[in-house]
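A short worksheet on the structure shown next.
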Amino acid sequence: MATPGPMTPEAPFEPSQPPVIEGFSPSVYSNPESFKEKFLRKTRENPMVPIGCLGTAAALTYGLYCFHRGQSQRSQLMMRTRIAAQGFTVAAILAGLAVSALKSRP
């Protein structure tokens with residue numbers, strides 16, 4: 001039987017540190033950003049998404065208020081408006097993705 005050669009001692013595993021993978025950077029940014037900083041950056045990149053979200057929330061809230069008050073016609077109109085606002089938001093997300101994909105092309 002062959003005896004195994006001398007083994008080199010490896011560095012002990014440190015669970016608090018992520019593994020180092022050659023050629024991979026876990027973060028694009030040099031310092032981690034807070035929720036507020038990330039929200040503001042994303043809003044500046046694609047301002048139509050928060051506008052669509054606010055429009056959706058406003059239409060939903062007002063539609064539920066009208067439903068509670070018994071104004072069924074207005075409530076139906078606001079639910080249809082909510083659907084339109086959701087469609088606008090989805091379109092804004094897709095447009096933002098397309099623009100960022102085109103920017104990253106050489």
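By convention here, the chains of the structure tokens are called A, B, ... in the order presented, each chain's residues are numbered starting at 1, and ligands are numbered starting at 1 in the order presented.
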
Show me a table, sorted first by chain and then by increasing residue number, of the residues of region 14-69 of chain A having an atom at most 10 Å from region 96-106 of chain A, each with its shortest atom pair and the distance in Å to one decimal, counting only C-alpha atoms and written as JSON lines.
{"residue": "A:Glu45", "atom": "CA", "partner": "A:Gly96", "partner_atom": "CA", "distance": 7.9}
{"residue": "A:Asn46", "atom": "CA", "partner": "A:Gly96", "partner_atom": "CA", "distance": 6.0}
{"residue": "A:Pro47", "atom": "CA", "partner": "A:Gly96", "partner_atom": "CA", "distance": 9.3}
{"residue": "A:Met48", "atom": "CA", "partner": "A:Gly96", "partner_atom": "CA", "distance": 8.8}
{"residue": "A:Val49", "atom": "CA", "partner": "A:Gly96", "partner_atom": "CA", "distance": 8.7}

Exercise for the section: Determine, counting only C-alpha atoms, which protein, DNA and RNA residues have an atom within 12 Å of an atom of region 76-80 of chain A; residues of the same chain fewer than 4 positions away are not included. Present the result as a list in words. Expected result: Gly55, Thr56, Ala57, Ala58, Ala59, Leu60, Thr61, Tyr62, Gly63, Leu64, Tyr65, Cys66, Phe67, Gly70, Gln71, Ser72, Ala84, Ala85, Gln86 and Gly87 of chain A

Any chance you can output those residues with N, CA, C and O atoms as a PDB file, in the first residue's frame?
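Saved as again28.pdb:
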ATOM      1  N   GLY A  55     -50.394  54.701  -7.373  1.00  0.00           N
ATOM      2  CA  GLY A  55     -51.681  54.771  -8.060  1.00  0.00           C
ATOM      3  C   GLY A  55     -52.534  53.543  -7.789  1.00  0.00           C
ATOM      4  O   GLY A  55     -53.750  53.654  -7.572  1.00  0.00           O
ATOM      5  N   THR A  56     -51.918  52.380  -7.796  1.00  0.00           N
ATOM      6  CA  THR A  56     -52.637  51.135  -7.495  1.00  0.00           C
ATOM      7  C   THR A  56     -53.184  51.157  -6.072  1.00  0.00           C
ATOM      8  O   THR A  56     -54.355  50.835  -5.832  1.00  0.00           O
ATOM      9  N   ALA A  57     -52.351  51.551  -5.126  1.00  0.00           N
ATOM     10  CA  ALA A  57     -52.782  51.589  -3.727  1.00  0.00           C
ATOM     11  C   ALA A  57     -53.892  52.618  -3.513  1.00  0.00           C
ATOM     12  O   ALA A  57     -54.859  52.364  -2.783  1.00  0.00           O
ATOM     13  N   ALA A  58     -53.790  53.767  -4.183  1.00  0.00           N
ATOM     14  CA  ALA A  58     -54.811  54.807  -4.035  1.00  0.00           C
ATOM     15  C   ALA A  58     -56.147  54.337  -4.614  1.00  0.00           C
ATOM     16  O   ALA A  58     -57.198  54.526  -3.996  1.00  0.00           O
ATOM     17  N   ALA A  59     -56.117  53.727  -5.806  1.00  0.00           N
ATOM     18  CA  ALA A  59     -57.352  53.242  -6.418  1.00  0.00           C
ATOM     19  C   ALA A  59     -57.988  52.138  -5.570  1.00  0.00           C
ATOM     20  O   ALA A  59     -59.212  52.101  -5.401  1.00  0.00           O
ATOM     21  N   LEU A  60     -57.169  51.249  -5.034  1.00  0.00           N
ATOM     22  CA  LEU A  60     -57.691  50.181  -4.183  1.00  0.00           C
ATOM     23  C   LEU A  60     -58.317  50.739  -2.912  1.00  0.00           C
ATOM     24  O   LEU A  60     -59.434  50.370  -2.528  1.00  0.00           O
ATOM     25  N   THR A  61     -57.619  51.660  -2.270  1.00  0.00           N
ATOM     26  CA  THR A  61     -58.119  52.240  -1.024  1.00  0.00           C
ATOM     27  C   THR A  61     -59.432  52.989  -1.256  1.00  0.00           C
ATOM     28  O   THR A  61     -60.409  52.799  -0.517  1.00  0.00           O
ATOM     29  N   TYR A  62     -59.465  53.829  -2.284  1.00  0.00           N
ATOM     30  CA  TYR A  62     -60.681  54.591  -2.547  1.00  0.00           C
ATOM     31  C   TYR A  62     -61.821  53.673  -2.990  1.00  0.00           C
ATOM     32  O   TYR A  62     -62.983  53.888  -2.623  1.00  0.00           O
ATOM     33  N   GLY A  63     -61.512  52.639  -3.767  1.00  0.00           N
ATOM     34  CA  GLY A  63     -62.534  51.686  -4.187  1.00  0.00           C
ATOM     35  C   GLY A  63     -63.130  50.941  -3.004  1.00  0.00           C
ATOM     36  O   GLY A  63     -64.349  50.733  -2.936  1.00  0.00           O
ATOM     37  N   LEU A  64     -62.300  50.532  -2.056  1.00  0.00           N
ATOM     38  CA  LEU A  64     -62.807  49.866  -0.853  1.00  0.00           C
ATOM     39  C   LEU A  64     -63.632  50.816   0.011  1.00  0.00           C
ATOM     40  O   LEU A  64     -64.643  50.424   0.589  1.00  0.00           O
ATOM     41  N   TYR A  65     -63.220  52.067   0.065  1.00  0.00           N
ATOM     42  CA  TYR A  65     -63.969  53.074   0.811  1.00  0.00           C
ATOM     43  C   TYR A  65     -65.362  53.257   0.185  1.00  0.00           C
ATOM     44  O   TYR A  65     -66.371  53.304   0.897  1.00  0.00           O
ATOM     45  N   CYS A  66     -65.406  53.362  -1.136  1.00  0.00           N
ATOM     46  CA  CYS A  66     -66.692  53.509  -1.826  1.00  0.00           C
ATOM     47  C   CYS A  66     -67.556  52.265  -1.634  1.00  0.00           C
ATOM     48  O   CYS A  66     -68.775  52.366  -1.467  1.00  0.00           O
ATOM     49  N   PHE A  67     -66.951  51.098  -1.648  1.00  0.00           N
ATOM     50  CA  PHE A  67     -67.696  49.863  -1.426  1.00  0.00           C
ATOM     51  C   PHE A  67     -68.304  49.850  -0.025  1.00  0.00           C
ATOM     52  O   PHE A  67     -69.463  49.464   0.166  1.00  0.00           O
ATOM     53  N   GLY A  70     -71.337  51.971   0.178  1.00  0.00           N
ATOM     54  CA  GLY A  70     -72.473  51.528  -0.622  1.00  0.00           C
ATOM     55  C   GLY A  70     -72.541  52.133  -2.009  1.00  0.00           C
ATOM     56  O   GLY A  70     -73.562  52.016  -2.690  1.00  0.00           O
ATOM     57  N   GLN A  71     -71.474  52.768  -2.458  1.00  0.00           N
ATOM     58  CA  GLN A  71     -71.433  53.366  -3.795  1.00  0.00           C
ATOM     59  C   GLN A  71     -70.855  52.336  -4.763  1.00  0.00           C
ATOM     60  O   GLN A  71     -69.693  52.374  -5.128  1.00  0.00           O
ATOM     61  N   SER A  72     -71.696  51.404  -5.198  1.00  0.00           N
ATOM     62  CA  SER A  72     -71.204  50.272  -5.986  1.00  0.00           C
ATOM     63  C   SER A  72     -70.682  50.696  -7.363  1.00  0.00           C
ATOM     64  O   SER A  72     -69.702  50.130  -7.853  1.00  0.00           O
ATOM     65  N   ALA A  84     -55.952  48.921 -14.227  1.00  0.00           N
ATOM     66  CA  ALA A  84     -55.164  49.720 -15.171  1.00  0.00           C
ATOM     67  C   ALA A  84     -53.846  50.181 -14.539  1.00  0.00           C
ATOM     68  O   ALA A  84     -52.788  50.153 -15.183  1.00  0.00           O
ATOM     69  N   ALA A  85     -53.908  50.589 -13.278  1.00  0.00           N
ATOM     70  CA  ALA A  85     -52.689  51.031 -12.588  1.00  0.00           C
ATOM     71  C   ALA A  85     -51.715  49.870 -12.401  1.00  0.00           C
ATOM     72  O   ALA A  85     -50.494  50.045 -12.522  1.00  0.00           O
ATOM     73  N   GLN A  86     -52.236  48.678 -12.133  1.00  0.00           N
ATOM     74  CA  GLN A  86     -51.363  47.505 -12.019  1.00  0.00           C
ATOM     75  C   GLN A  86     -50.705  47.203 -13.369  1.00  0.00           C
ATOM     76  O   GLN A  86     -49.517  46.869 -13.421  1.00  0.00           O
ATOM     77  N   GLY A  87     -51.475  47.313 -14.437  1.00  0.00           N
ATOM     78  CA  GLY A  87     -50.906  47.100 -15.767  1.00  0.00           C
ATOM     79  C   GLY A  87     -49.816  48.110 -16.072  1.00  0.00           C
ATOM     80  O   GLY A  87     -48.772  47.773 -16.647  1.00  0.00           O
TER      81      GLY A  87
END

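CA of Cys53 (chain A) lies 6.4 Å from CA of Thr89 (chain A).
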